[in-house]
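The file coords36.cif comes next; it holds mmCIF, C-alpha atoms and all ligand atoms.
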```
data_entry
#
loop_
_atom_site.label_atom_id
_atom_site.label_comp_id
_atom_site.auth_asym_id
_atom_site.auth_seq_id
_atom_site.Cartn_x
_atom_site.Cartn_y
_atom_site.Cartn_z
CA MET R 1 163.61 -35.27 -59.04
CA ASN R 2 162.07 -35.62 -55.59
CA VAL R 3 164.23 -37.93 -53.50
CA PHE R 4 163.43 -39.58 -50.16
CA LEU R 5 166.43 -40.71 -48.09
CA ILE R 6 165.93 -43.26 -45.31
CA GLY R 7 168.27 -43.19 -42.31
CA SER R 8 169.73 -41.01 -39.57
CA GLY R 9 173.48 -41.55 -39.37
CA GLY R 10 176.70 -40.02 -40.63
CA ARG R 11 176.41 -42.20 -43.74
CA GLU R 12 173.04 -40.64 -44.55
CA HIS R 13 174.31 -37.11 -43.84
CA ALA R 14 177.10 -37.68 -46.38
CA LEU R 15 174.56 -39.06 -48.88
CA ALA R 16 172.21 -36.11 -48.27
CA TRP R 17 175.10 -33.67 -48.79
CA LYS R 18 176.05 -35.30 -52.10
CA ILE R 19 172.45 -35.73 -53.31
CA ALA R 20 171.73 -32.07 -52.47
CA ALA R 21 174.60 -31.07 -54.78
CA SER R 22 172.97 -32.78 -57.77
CA PRO R 23 171.46 -30.52 -60.43
CA MET R 24 168.82 -33.23 -60.90
CA LEU R 25 167.40 -32.70 -57.41
CA THR R 26 164.13 -30.83 -56.91
CA HIS R 27 163.40 -31.63 -53.26
CA LEU R 28 165.07 -33.93 -50.73
CA TYR R 29 163.15 -35.52 -47.86
CA ALA R 30 164.73 -37.64 -45.13
CA ALA R 31 163.30 -39.89 -42.42
CA PRO R 32 164.06 -39.72 -39.61
CA GLY R 33 167.21 -37.69 -40.37
CA ASN R 34 169.27 -35.76 -37.81
CA PRO R 35 170.25 -32.08 -37.30
CA GLY R 36 173.05 -32.36 -39.89
CA ILE R 37 170.79 -33.99 -42.47
CA ALA R 38 168.23 -31.24 -41.76
CA GLU R 39 170.69 -28.73 -43.28
CA GLU R 40 170.35 -30.56 -46.62
CA ALA R 41 166.88 -32.09 -46.49
CA GLU R 42 163.39 -31.73 -45.08
CA CYS R 43 163.28 -34.24 -42.24
CA VAL R 44 160.03 -36.06 -41.60
CA ALA R 45 159.02 -38.12 -38.57
CA LEU R 46 157.96 -41.36 -40.22
CA ASP R 47 158.45 -44.89 -38.92
CA VAL R 48 160.07 -46.64 -41.88
CA ALA R 49 159.13 -50.03 -40.43
CA HIS R 50 155.59 -49.17 -41.59
CA HIS R 51 155.90 -49.79 -45.29
CA ASP R 52 152.36 -48.54 -46.00
CA ALA R 53 153.17 -45.20 -44.38
CA VAL R 54 156.34 -44.87 -46.49
CA ILE R 55 154.37 -45.66 -49.66
CA ALA R 56 151.64 -43.15 -48.75
CA PHE R 57 154.26 -40.47 -48.11
CA CYS R 58 155.97 -41.14 -51.46
CA ARG R 59 152.64 -40.81 -53.28
CA GLU R 60 151.66 -37.64 -51.45
CA LYS R 61 155.00 -35.95 -52.17
CA ALA R 62 155.46 -37.36 -55.69
CA VAL R 63 158.76 -38.99 -54.69
CA ASP R 64 160.71 -40.18 -57.74
CA LEU R 65 163.40 -42.18 -55.95
CA VAL R 66 163.79 -43.67 -52.47
CA VAL R 67 167.38 -44.16 -51.26
CA VAL R 68 167.72 -46.58 -48.34
CA GLY R 69 170.83 -45.98 -46.19
CA PRO R 70 170.87 -48.74 -43.54
CA GLU R 71 170.55 -52.53 -43.89
CA ALA R 72 167.69 -53.26 -41.47
CA PRO R 73 164.87 -51.81 -43.62
CA LEU R 74 166.29 -53.65 -46.66
CA VAL R 75 166.41 -57.01 -44.87
CA ALA R 76 162.85 -56.25 -43.68
CA GLY R 77 161.67 -55.88 -47.30
CA LEU R 78 161.17 -52.12 -47.66
CA ALA R 79 162.54 -52.17 -51.23
CA ASP R 80 160.12 -54.98 -52.17
CA ALA R 81 157.14 -53.07 -50.78
CA LEU R 82 158.12 -49.90 -52.65
CA ALA R 83 158.78 -51.74 -55.89
CA ALA R 84 155.40 -53.51 -55.64
CA ALA R 85 153.78 -50.09 -55.26
CA GLY R 86 155.57 -48.87 -58.40
CA ILE R 87 157.96 -46.56 -56.53
CA ALA R 88 161.60 -46.52 -57.65
CA VAL R 89 164.04 -47.53 -54.93
CA PHE R 90 167.82 -47.67 -54.72
CA GLY R 91 168.57 -50.71 -52.56
CA PRO R 92 168.19 -54.50 -52.81
CA SER R 93 165.15 -56.69 -52.29
CA ALA R 94 164.90 -58.72 -49.09
CA ALA R 95 165.96 -61.83 -51.01
CA ALA R 96 169.09 -60.07 -52.30
CA ALA R 97 169.76 -58.45 -48.90
CA ARG R 98 170.36 -61.96 -47.52
CA LEU R 99 173.97 -61.31 -48.63
CA GLU R 100 174.17 -59.27 -45.40
CA GLY R 101 171.21 -60.66 -43.49
CA SER R 102 172.48 -64.24 -43.36
CA LYS R 103 176.16 -65.08 -43.15
CA GLY R 104 175.38 -68.74 -43.79
CA PHE R 105 173.55 -67.81 -47.01
CA THR R 106 176.60 -65.91 -48.27
CA LYS R 107 179.01 -68.68 -47.30
CA ASP R 108 176.88 -71.25 -49.16
CA LEU R 109 176.85 -68.98 -52.22
CA CYS R 110 180.65 -68.75 -52.02
CA ALA R 111 180.93 -72.53 -51.79
CA ARG R 112 178.62 -73.05 -54.77
CA TYR R 113 180.40 -70.54 -57.02
CA GLY R 114 183.99 -71.12 -55.90
CA ILE R 115 184.32 -67.62 -54.41
CA PRO R 116 187.42 -67.34 -52.19
CA THR R 117 186.44 -67.05 -48.52
CA ALA R 118 187.41 -68.71 -45.22
CA PRO R 119 186.41 -72.41 -45.02
CA TYR R 120 183.35 -72.71 -42.75
CA ARG R 121 180.60 -74.82 -41.23
CA ARG R 122 177.04 -73.83 -40.28
CA PHE R 123 175.46 -75.00 -37.01
CA GLY R 124 171.93 -74.89 -35.62
CA ASN R 125 172.85 -76.00 -32.10
CA ALA R 126 175.61 -75.36 -29.58
CA ALA R 127 176.73 -78.98 -29.04
CA GLU R 128 177.73 -79.59 -32.66
CA ALA R 129 179.37 -76.18 -33.03
CA LYS R 130 181.41 -76.81 -29.89
CA ALA R 131 182.47 -80.30 -30.96
CA TYR R 132 183.68 -78.85 -34.26
CA ILE R 133 185.64 -76.08 -32.50
CA GLU R 134 187.22 -78.60 -30.09
CA ALA R 135 188.31 -80.63 -33.10
CA THR R 136 189.69 -77.76 -35.19
CA GLY R 137 191.24 -75.59 -32.42
CA ALA R 138 191.97 -71.85 -32.30
CA PRO R 139 192.28 -69.21 -33.65
CA VAL R 140 188.80 -69.52 -35.09
CA VAL R 141 185.95 -67.12 -35.88
CA VAL R 142 182.38 -67.52 -34.56
CA LYS R 143 179.59 -65.53 -36.22
CA ALA R 144 175.91 -65.16 -35.40
CA ASP R 145 174.11 -65.85 -38.68
CA GLY R 146 171.82 -62.81 -38.74
CA LEU R 147 172.00 -59.04 -38.31
CA ALA R 148 173.55 -58.21 -34.94
CA ALA R 149 174.39 -54.51 -35.32
CA GLY R 150 178.04 -55.34 -35.98
CA LYS R 151 178.41 -57.25 -32.70
CA GLY R 152 177.81 -60.83 -33.79
CA VAL R 153 181.40 -61.71 -34.73
CA THR R 154 183.96 -63.15 -32.31
CA VAL R 155 187.53 -63.58 -33.51
CA ALA R 156 188.58 -66.15 -30.89
CA MET R 157 192.26 -66.61 -30.13
CA SER R 158 191.50 -69.51 -27.76
CA VAL R 159 189.12 -72.47 -27.87
CA ASP R 160 187.56 -71.26 -24.59
CA ASP R 161 186.68 -67.87 -26.12
CA ALA R 162 185.18 -69.58 -29.16
CA LEU R 163 183.08 -71.91 -26.99
CA ALA R 164 181.87 -68.93 -24.95
CA ALA R 165 180.89 -67.15 -28.17
CA VAL R 166 178.87 -70.17 -29.28
CA ASP R 167 177.05 -70.20 -25.94
CA ALA R 168 176.38 -66.45 -26.17
CA CYS R 169 174.78 -66.90 -29.61
CA PHE R 170 172.54 -69.80 -28.64
CA GLU R 171 171.64 -68.20 -25.29
CA GLY R 172 170.16 -65.26 -27.18
CA ALA R 173 172.85 -62.55 -26.84
CA PHE R 174 171.98 -61.47 -30.40
CA GLY R 175 168.31 -62.39 -30.35
CA GLY R 176 167.08 -64.31 -33.39
CA ALA R 177 170.32 -63.47 -35.23
CA GLY R 178 172.13 -66.09 -33.12
CA ALA R 179 169.74 -69.00 -33.71
CA GLU R 180 172.31 -70.29 -36.18
CA VAL R 181 176.08 -69.79 -36.18
CA VAL R 182 178.84 -69.92 -38.75
CA VAL R 183 182.24 -71.15 -37.55
CA GLU R 184 185.06 -70.29 -39.93
CA GLU R 185 188.80 -70.32 -40.32
CA PHE R 186 190.78 -67.31 -39.09
CA LEU R 187 192.21 -65.37 -42.03
CA GLU R 188 195.46 -63.44 -41.80
CA GLY R 189 196.18 -60.31 -43.79
CA GLU R 190 195.20 -56.69 -44.22
CA GLU R 191 191.53 -55.75 -44.37
CA ALA R 192 190.10 -53.43 -47.01
CA SER R 193 186.67 -52.50 -48.26
CA PHE R 194 185.53 -52.30 -51.85
CA PHE R 195 182.22 -50.95 -53.12
CA CYS R 196 180.16 -51.59 -56.24
CA LEU R 197 176.97 -50.04 -57.52
CA CYS R 198 174.78 -52.81 -58.90
CA ASP R 199 171.70 -52.98 -61.10
CA GLY R 200 170.91 -56.69 -60.94
CA LYS R 201 173.23 -57.55 -63.82
CA THR R 202 176.18 -55.16 -63.82
CA ALA R 203 178.46 -54.30 -60.91
CA LEU R 204 180.22 -50.95 -61.34
CA PRO R 205 183.34 -50.56 -59.17
CA PHE R 206 182.66 -47.65 -56.83
CA GLY R 207 185.66 -46.94 -54.69
CA THR R 208 187.77 -48.44 -51.92
CA ALA R 209 188.32 -47.60 -48.26
CA GLN R 210 189.89 -48.75 -45.05
CA ASP R 211 188.03 -48.50 -41.76
CA HIS R 212 189.39 -48.57 -38.18
CA LYS R 213 187.15 -50.87 -36.18
CA ARG R 214 188.89 -50.89 -32.78
CA VAL R 215 188.11 -48.07 -30.38
CA GLY R 216 191.71 -47.37 -29.33
CA GLY R 217 194.87 -46.08 -30.99
CA GLY R 218 197.11 -48.73 -32.57
CA ASP R 219 193.98 -50.84 -33.22
CA THR R 220 193.45 -51.80 -29.58
CA GLY R 221 190.34 -52.22 -27.42
CA PRO R 222 186.86 -53.39 -28.32
CA ASN R 223 185.33 -53.39 -31.80
CA THR R 224 183.12 -50.47 -32.81
CA GLY R 225 181.01 -49.51 -35.80
CA GLY R 226 184.13 -47.74 -37.11
CA MET R 227 186.28 -44.92 -35.67
CA GLY R 228 187.51 -43.44 -38.94
CA ALA R 229 188.24 -44.24 -42.56
CA TYR R 230 189.99 -43.07 -45.67
CA SER R 231 189.48 -43.49 -49.38
CA PRO R 232 190.96 -44.64 -51.63
CA ALA R 233 192.80 -47.49 -49.89
CA PRO R 234 196.28 -47.71 -51.44
CA VAL R 235 196.38 -51.51 -50.94
CA MET R 236 193.47 -51.81 -53.35
CA THR R 237 195.52 -51.50 -56.51
CA SER R 238 193.84 -51.86 -59.88
CA ALA R 239 195.24 -55.41 -60.13
CA VAL R 240 193.60 -56.35 -56.81
CA ILE R 241 190.33 -54.70 -57.87
CA GLN R 242 190.29 -56.64 -61.14
CA ARG R 243 190.89 -59.88 -59.31
CA VAL R 244 188.13 -59.13 -56.77
CA MET R 245 185.71 -58.31 -59.60
CA ARG R 246 186.54 -61.54 -61.43
CA GLU R 247 186.78 -63.96 -58.51
CA ILE R 248 184.29 -62.50 -56.02
CA VAL R 249 181.86 -59.84 -57.30
CA GLU R 250 181.00 -61.19 -60.77
CA PRO R 251 180.24 -64.76 -59.61
CA THR R 252 178.12 -63.27 -56.81
CA MET R 253 176.09 -61.16 -59.26
CA ARG R 254 175.66 -64.22 -61.49
CA GLY R 255 174.69 -66.46 -58.57
CA MET R 256 172.12 -64.01 -57.22
CA ALA R 257 170.54 -63.58 -60.66
CA GLU R 258 170.45 -67.36 -61.19
CA MET R 259 168.57 -67.90 -57.95
CA GLY R 260 166.01 -65.25 -58.88
CA ALA R 261 167.33 -62.61 -56.46
CA PRO R 262 169.33 -60.22 -58.66
CA PHE R 263 171.30 -57.77 -56.56
CA SER R 264 170.81 -54.04 -56.97
CA GLY R 265 172.02 -51.17 -54.82
CA VAL R 266 175.39 -50.91 -53.08
CA LEU R 267 177.44 -54.05 -52.60
CA TYR R 268 180.01 -53.52 -49.85
CA VAL R 269 182.72 -56.15 -50.21
CA GLY R 270 184.66 -56.68 -46.97
CA LEU R 271 188.00 -58.26 -47.91
CA MET R 272 190.99 -59.86 -46.28
CA LEU R 273 194.07 -59.49 -48.49
CA THR R 274 195.80 -62.76 -47.66
CA ALA R 275 199.02 -64.33 -48.92
CA ASP R 276 196.79 -66.41 -51.26
CA GLY R 277 195.02 -63.37 -52.64
CA PRO R 278 191.86 -61.45 -51.68
CA LYS R 279 189.21 -63.39 -49.76
CA LEU R 280 185.67 -62.34 -48.90
CA ILE R 281 185.12 -61.70 -45.17
CA GLU R 282 181.56 -60.50 -45.55
CA TYR R 283 179.13 -58.61 -47.69
CA ASN R 284 177.04 -55.64 -46.66
CA VAL R 285 174.16 -54.49 -48.84
CA ARG R 286 174.60 -50.74 -48.27
CA PHE R 287 177.34 -48.16 -47.94
CA GLY R 288 179.66 -48.45 -44.96
CA ASP R 289 179.49 -46.02 -42.09
CA PRO R 290 181.95 -44.17 -41.91
CA GLU R 291 183.22 -45.34 -45.34
CA CYS R 292 180.45 -43.44 -47.16
CA GLN R 293 181.68 -40.25 -45.48
CA VAL R 294 184.99 -40.57 -47.39
CA LEU R 295 183.55 -41.79 -50.69
CA MET R 296 181.08 -38.92 -51.21
CA PRO R 297 183.62 -36.06 -50.83
CA ILE R 298 185.88 -37.43 -53.58
CA LEU R 299 183.10 -38.55 -55.94
CA GLU R 300 182.98 -36.18 -58.89
CA SER R 301 180.08 -37.87 -60.65
CA ASP R 302 176.47 -36.98 -59.91
CA ILE R 303 175.30 -39.60 -57.40
CA LEU R 304 171.68 -39.28 -58.52
CA VAL R 305 172.59 -40.04 -62.13
CA LEU R 306 174.36 -43.21 -60.97
CA MET R 307 171.57 -44.26 -58.59
CA GLN R 308 168.96 -43.72 -61.29
CA ALA R 309 171.04 -45.78 -63.72
CA ALA R 310 171.19 -48.57 -61.12
CA VAL R 311 167.40 -48.49 -60.75
CA ASP R 312 166.96 -48.50 -64.55
CA GLY R 313 169.40 -51.37 -65.18
CA GLN R 314 171.72 -49.09 -67.16
CA LEU R 315 174.97 -49.27 -65.19
CA ARG R 316 176.84 -50.98 -68.02
CA HIS R 317 176.80 -47.59 -69.77
CA MET R 318 178.15 -45.68 -66.77
CA ALA R 319 181.48 -44.87 -65.15
CA ALA R 320 182.13 -43.17 -61.82
CA LYS R 321 184.59 -40.28 -61.78
CA TRP R 322 186.72 -39.56 -58.73
CA ARG R 323 188.92 -36.69 -57.61
CA ASP R 324 192.57 -37.64 -57.64
CA GLU R 325 192.82 -37.04 -53.87
CA THR R 326 192.35 -38.83 -50.56
CA ALA R 327 189.50 -38.19 -48.14
CA LEU R 328 189.93 -39.05 -44.47
CA THR R 329 187.32 -38.97 -41.73
CA VAL R 330 187.82 -38.97 -37.95
CA VAL R 331 184.89 -40.19 -35.87
CA MET R 332 184.21 -38.26 -32.66
CA ALA R 333 182.18 -40.24 -30.13
CA SER R 334 180.85 -39.70 -26.62
CA LYS R 335 183.25 -40.94 -23.94
CA GLY R 336 182.39 -44.54 -23.02
CA TYR R 337 181.59 -45.62 -26.60
CA PRO R 338 181.24 -48.49 -27.63
CA GLY R 339 179.91 -49.07 -24.11
CA ARG R 340 177.39 -46.93 -22.27
CA THR R 341 177.53 -43.18 -22.95
CA ALA R 342 175.79 -40.22 -21.31
CA PRO R 343 173.63 -38.30 -23.81
CA GLY R 344 173.13 -34.55 -23.71
CA SER R 345 176.63 -33.03 -23.67
CA VAL R 346 176.89 -29.81 -25.69
CA ILE R 347 178.98 -29.84 -28.89
CA GLY R 348 180.33 -26.41 -29.79
CA SER R 349 182.42 -24.56 -32.37
CA LEU R 350 181.45 -26.64 -35.41
CA GLU R 351 181.42 -23.46 -37.52
CA LYS R 352 185.01 -22.67 -36.58
CA ALA R 353 186.05 -26.21 -37.47
CA ARG R 354 184.23 -25.96 -40.81
CA GLU R 355 186.15 -22.82 -41.71
CA THR R 356 189.22 -25.04 -42.18
CA GLY R 357 187.42 -26.52 -45.19
CA ALA R 358 186.52 -29.76 -43.42
CA ALA R 359 183.07 -31.29 -43.90
CA ILE R 360 181.45 -32.37 -40.64
CA PHE R 361 178.89 -35.12 -41.03
CA GLN R 362 176.62 -35.72 -38.06
CA ALA R 363 175.52 -39.08 -36.68
CA GLY R 364 174.26 -39.32 -33.08
CA THR R 365 173.36 -35.66 -32.52
CA ALA R 366 170.21 -33.78 -31.53
CA LEU R 367 169.13 -30.19 -30.94
CA ARG R 368 168.17 -28.95 -27.45
CA ASP R 369 167.06 -25.32 -27.20
CA GLY R 370 168.86 -24.60 -30.45
CA GLN R 371 172.11 -26.12 -29.20
CA LEU R 372 173.74 -29.18 -30.75
CA ILE R 373 174.08 -32.07 -28.27
CA ALA R 374 175.40 -35.62 -28.39
CA ASN R 375 172.69 -38.25 -28.57
CA GLY R 376 174.32 -41.67 -28.88
CA GLY R 377 177.80 -43.10 -29.33
CA ARG R 378 179.30 -41.85 -32.58
CA ALA R 379 178.34 -38.19 -33.04
CA LEU R 380 180.54 -36.51 -35.67
CA ASN R 381 182.60 -37.46 -38.73
CA VAL R 382 185.21 -34.79 -39.31
CA THR R 383 186.23 -35.19 -42.93
CA ALA R 384 189.02 -33.56 -44.97
CA ILE R 385 190.56 -33.99 -48.40
CA GLY R 386 194.26 -33.86 -49.26
CA ALA R 387 196.70 -34.63 -52.04
CA THR R 388 198.14 -37.36 -49.79
CA VAL R 389 196.74 -39.38 -46.89
CA ALA R 390 199.11 -37.49 -44.57
CA GLU R 391 197.74 -34.15 -45.74
CA ALA R 392 194.11 -35.24 -45.40
CA GLN R 393 194.93 -36.57 -41.92
CA GLU R 394 196.58 -33.34 -40.83
CA LYS R 395 193.65 -31.23 -42.09
CA ALA R 396 191.05 -33.49 -40.44
CA TYR R 397 192.78 -33.29 -37.05
CA ARG R 398 193.19 -29.52 -37.38
CA ALA R 399 189.39 -29.31 -37.62
CA VAL R 400 188.90 -31.87 -34.81
CA ASP R 401 191.04 -29.76 -32.51
CA LEU R 402 188.79 -26.72 -33.04
CA ILE R 403 185.66 -28.55 -31.90
CA ASP R 404 184.62 -27.76 -28.37
CA TRP R 405 183.32 -31.01 -26.89
CA PRO R 406 185.04 -32.06 -23.65
CA GLU R 407 182.77 -35.12 -23.32
CA GLY R 408 183.83 -36.43 -26.72
CA PHE R 409 186.90 -38.37 -27.87
CA CYS R 410 188.47 -39.69 -31.04
CA ARG R 411 191.37 -41.87 -32.17
CA ARG R 412 194.46 -39.81 -33.02
CA ASP R 413 195.89 -42.22 -35.59
CA ILE R 414 193.25 -42.61 -38.32
CA GLY R 415 195.04 -43.45 -41.55
CA TRP R 416 198.22 -44.76 -39.91
CA ARG R 417 198.69 -47.71 -42.25
CA ALA R 418 198.42 -45.60 -45.40
CA VAL R 419 200.54 -42.77 -43.94
CA ALA R 420 203.28 -45.29 -43.08
CA ARG R 421 203.04 -46.71 -46.59
CA GLU R 422 203.38 -43.21 -48.09
CA ARG R 423 206.43 -42.50 -45.94
CA SER R 424 208.11 -45.72 -47.04
CA LEU R 425 207.80 -44.86 -50.74
P1 LIG R 501 182.07 -58.39 -39.52
O1 LIG R 501 181.12 -58.00 -38.40
O2 LIG R 501 181.63 -59.57 -40.30
O3 LIG R 501 182.53 -57.18 -40.28
O4 LIG R 501 183.39 -58.89 -38.80
C1 LIG R 501 184.00 -58.06 -37.90
C2 LIG R 501 185.46 -58.20 -38.05
O5 LIG R 501 185.86 -59.50 -37.67
C3 LIG R 501 185.98 -58.05 -39.47
O6 LIG R 501 186.11 -56.72 -39.85
C4 LIG R 501 187.32 -58.74 -39.33
O7 LIG R 501 188.25 -57.87 -38.72
C5 LIG R 501 187.03 -59.85 -38.37
N1 LIG R 501 186.82 -61.13 -39.08
C6 LIG R 501 185.66 -61.61 -39.57
N2 LIG R 501 185.87 -62.82 -40.15
C7 LIG R 501 187.19 -63.09 -40.03
C8 LIG R 501 188.02 -64.19 -40.43
N3 LIG R 501 187.53 -65.28 -41.03
N4 LIG R 501 189.33 -64.12 -40.14
C9 LIG R 501 189.85 -63.06 -39.48
N5 LIG R 501 189.13 -62.00 -39.09
C10 LIG R 501 187.80 -62.01 -39.36
N1 LIG R 502 182.11 -49.45 -41.06
C1 LIG R 502 181.63 -50.77 -41.19
C2 LIG R 502 180.24 -50.91 -41.63
O1 LIG R 502 179.58 -49.97 -42.02
O2 LIG R 502 179.75 -52.02 -41.61
#
```
File written out as structure tokens:
Amino acid sequence: MNVFLIGSGGREHALAWKIAASPMLTHLYAAPGNPGIAEEAECVALDVAHHDAVIAFCREKAVDLVVVGPEAPLVAGLADALAAAGIAVFGPSAAAARLEGSKGFTKDLCARYGIPTAPYRRFGNAAEAKAYIEATGAPVVVKADGLAAGKGVTVAMSVDDALAAVDACFEGAFGGAGAEVVVEEFLEGEEASFFCLCDGKTALPFGTAQDHKRVGGGDTGPNTGGMGAYSPAPVMTSAVIQRVMREIVEPTMRGMAEMGAPFSGVLYVGLMLTADGPKLIEYNVRFGDPECQVLMPILESDILVLMQAAVDGQLRHMAAKWRDETALTVVMASKGYPGRTAPGSVIGSLEKARETGAAIFQAGTALRDGQLIANGGRALNVTAIGATVAEAQEKAYRAVDLIDWPEGFCRRDIGWRAVARERSL
């Protein structure tokens, strides 16, 4: 099989690494890729916003399957364009990608199908949103409706912060994504992520993870794209998974099919485990980053077999097999992230770090005169596997400490919740 992977982050490096291990693979292309992905795939400079150029490339190279990593091309309809051209694609249509592309759409779906989520209201102007917030009080959560690169959500502990968030949305802080806002109740509990592979009809459970969104140790400081993750998440017991499948995922699959937008690809279910049971925080329509970097190393099954089954509508016949171990990844980012960072610092000694057995997935990196340099906020995902979370954590940090990158930093406590839970057993 010739496979074409779209994307350039740590998530796509992990996917490339796993796809490259498949006996079904003939040739792997990636666009735009990065220096890590280039170790697994032939990277091509192709603007994936130009659907015609992607289609022409697939025809020229006899591509059998396109795998789309990030959400933006999906929301922009890349999967629809490929499907219309008769090219197989793993990833949802634009209509199905509304599960991530519009928070209001997802909330309305939840309301219609009785899916547990925070009570909410949608607003198209600031005055009504503010009046509602004044009436309900804080804490409260304000969300830009559309894609905002993970920055459109404000968990407001005071009414003033919530009002400011409403103004920011309608004043264009998130561009078109903020033309509508969702205001919803603040949920209390522990967050966890759950993944399913979907083929329009069937959702196949595909692992659990916990991310660390705050930049600083002890979950302090501003939100980021994710500073580290581990999988599986011990809080996601099989009883919780069954309940999430029954109360959240299955009604969603049914609802999407009923409205003529069956969901295929990866459904990322962001959950709050509350005292009243699991509630949906949000959907994403792709793997998480860095969650994918901990799913791929413990997946025993052939990812291409599963992706092909998703494309062919055959997931009801499939099961995913996992190693009975924990994977943990530590994100290393340029100092200053999630704010402004200086590109160009040299990253050294990756080989030495790899000798520990860790896998190092690259995100914001580039090559300059044959040397690896940082090129963006999050640069590396240092990933290790262990029999326990504590062991995976210790191995990951052993590799981190061998990397020579004075301009980089990481959190030192990735996995703390699960390690504490292990210790208390
Ligand atoms: P999102 O960008 O939708 O992933 O939201 C970012 C983060 O905001 C989530 O990971 C949660 O930590 C938090 N969040 C979103 N909605 C709620 C809610 N209703 N209650 C509490 N926290 C929330
Ligand atoms: N790590 C969170 C996300 O990928 O959305």
Worksheet item: In Å to one decimal, how far is atom CA of R:Asp160 from atom N4 of ligand LIG 501 (chain R)?
Response: 17.2 Å
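Each of R:Ile55, R:Ala358, R:Leu380, R:Ala94 was compared to R:Pro73 using only C-alpha atoms, and R:Ala94 turns out to be the nearest.
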Taking a cut-off of 6 Å and counting only C-alpha atoms and all ligand atoms, can you build a table that, for each residue of chain R near ligand LIG 502 (chain R), reports the nearest atom pair and how far apart they are in Å (one decimal), sorted by chain then residue number, as a tab-separated table?
```
residue	atom	partner	partner_atom	distance
R:Gly225	CA	R:LIG502	N1	5.4
R:Gly226	CA	R:LIG502	N1	4.8
R:Gly288	CA	R:LIG502	O1	3.3
R:Asp289	CA	R:LIG502	O1	4.0
R:Pro290	CA	R:LIG502	N1	5.4
```
Worksheet item: Counting only C-alpha atoms, what is within 7 Å of stretch 134-142 of chain R, bar same-chain residues fewer than 2 positions away, as a PyMOL selection string?
Response: chain R and resi 130-132+144+153-159+162+165-166+181-186
Can you check which parts of chain R lie within 9 Å of ligand LIG 501 (chain R)? Per residue, the shortest pair of atoms and distance in Å to one decimal, counting all atoms listed in the file, sorted by chain and number, as CSV.
```
residue,atom,partner,partner_atom,distance
R:Lys103,CA,R:LIG501,O2,8.3
R:Thr117,CA,R:LIG501,N3,7.8
R:Ala118,CA,R:LIG501,N3,5.4
R:Pro119,CA,R:LIG501,N3,8.2
R:Tyr120,CA,R:LIG501,N3,8.7
R:Pro139,CA,R:LIG501,N4,8.8
R:Val140,CA,R:LIG501,N3,7.4
R:Val141,CA,R:LIG501,N3,5.7
R:Val142,CA,R:LIG501,N2,8.1
R:Lys143,CA,R:LIG501,O2,7.5
R:Ala148,CA,R:LIG501,O1,8.3
R:Ala149,CA,R:LIG501,O1,8.2
R:Gly150,CA,R:LIG501,O1,4.7
R:Lys151,CA,R:LIG501,O1,6.4
R:Gly152,CA,R:LIG501,O1,6.3
R:Val153,CA,R:LIG501,O1,5.2
R:Thr154,CA,R:LIG501,O5,6.8
R:Val155,CA,R:LIG501,N5,6.0
R:Val183,CA,R:LIG501,N3,8.6
R:Glu184,CA,R:LIG501,N3,5.7
R:Glu185,CA,R:LIG501,N3,5.2
R:Phe186,CA,R:LIG501,N4,3.7
R:Leu187,CA,R:LIG501,N4,3.7
R:Glu188,CA,R:LIG501,C9,6.1
R:Gly189,CA,R:LIG501,C9,8.1
R:Glu190,CA,R:LIG501,O7,8.9
R:Glu191,CA,R:LIG501,O7,6.9
R:Ala192,CA,R:LIG501,O6,8.8
R:Asp211,CA,R:LIG501,O6,8.7
R:His212,CA,R:LIG501,O6,8.9
R:Lys213,CA,R:LIG501,O6,7.0
R:Asn223,CA,R:LIG501,C1,7.8
R:Gly225,CA,R:LIG501,O1,8.9
R:Gly270,CA,R:LIG501,O3,7.0
R:Leu271,CA,R:LIG501,O6,8.4
R:Met272,CA,R:LIG501,C9,7.6
R:Leu280,CA,R:LIG501,N3,8.6
R:Ile281,CA,R:LIG501,N2,5.2
R:Glu282,CA,R:LIG501,O2,5.3
R:Tyr283,CA,R:LIG501,O2,7.9
R:Asn284,CA,R:LIG501,O3,8.6
```
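Atom CA of R:Leu5 to atom CA of R:Ala396 spans 26.8 Å [interatomic distance, one decimal].
The space between atom CA of R:Ala49 and atom CA of R:Ala83 spans 15.6 Å.
Each of R:Pro297, R:Pro234, R:Gly277, R:Gly386 was checked against R:Ile360 using all atoms listed in the file; the smallest atom-to-atom distance is that of R:Pro297.
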Fill in: Closest of R:Val68, R:Cys43, R:Ala31, R:Cys410 to R:Pro92 - atom-to-atom distances counting only C-alpha atoms
R:Val68
Please put the answer as lines of an AutoDock Vina configuration file: centre and edge lengths, in Å with one decimal, of a box along x, y and z that encloses all listed atoms of stretch 7-20 of chain R plus 8 Å on each side.
```
center_x = 172.7
center_y = -37.6
center_z = -46.3
size_x = 24.8
size_y = 27.1
size_z = 29.9
```
Worksheet item: Using all atoms listed in the file, what residues lie at most 12 Å away from (166.1, -36.7, -62.2) (file coordinates), given as a ChimeraX atom specification?
Response: /R:1-3,19,22-28,63-65,88,302-309,311
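Minimum atom-to-atom distances from R:Gly200, R:Gly408, R:Gly146, R:Pro32 to R:Ile6 were compared using all atoms listed in the file, and the lowest value belongs to R:Pro32.
For the residues R:Ile248, R:Leu204, R:Ala418, R:Met296, ranking by smallest atom-to-atom distance to R:Ile115 using all atoms listed in the file places R:Ile248 first.
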Worksheet entry | Long-range neighbours of stretch 365-379 of chain R as a PyMOL selection string, 7 Å cut-off, only C-alpha atoms, 3 positions minimum in chain | chain R and resi 34-35+331-334+337-338+341+343-347+362
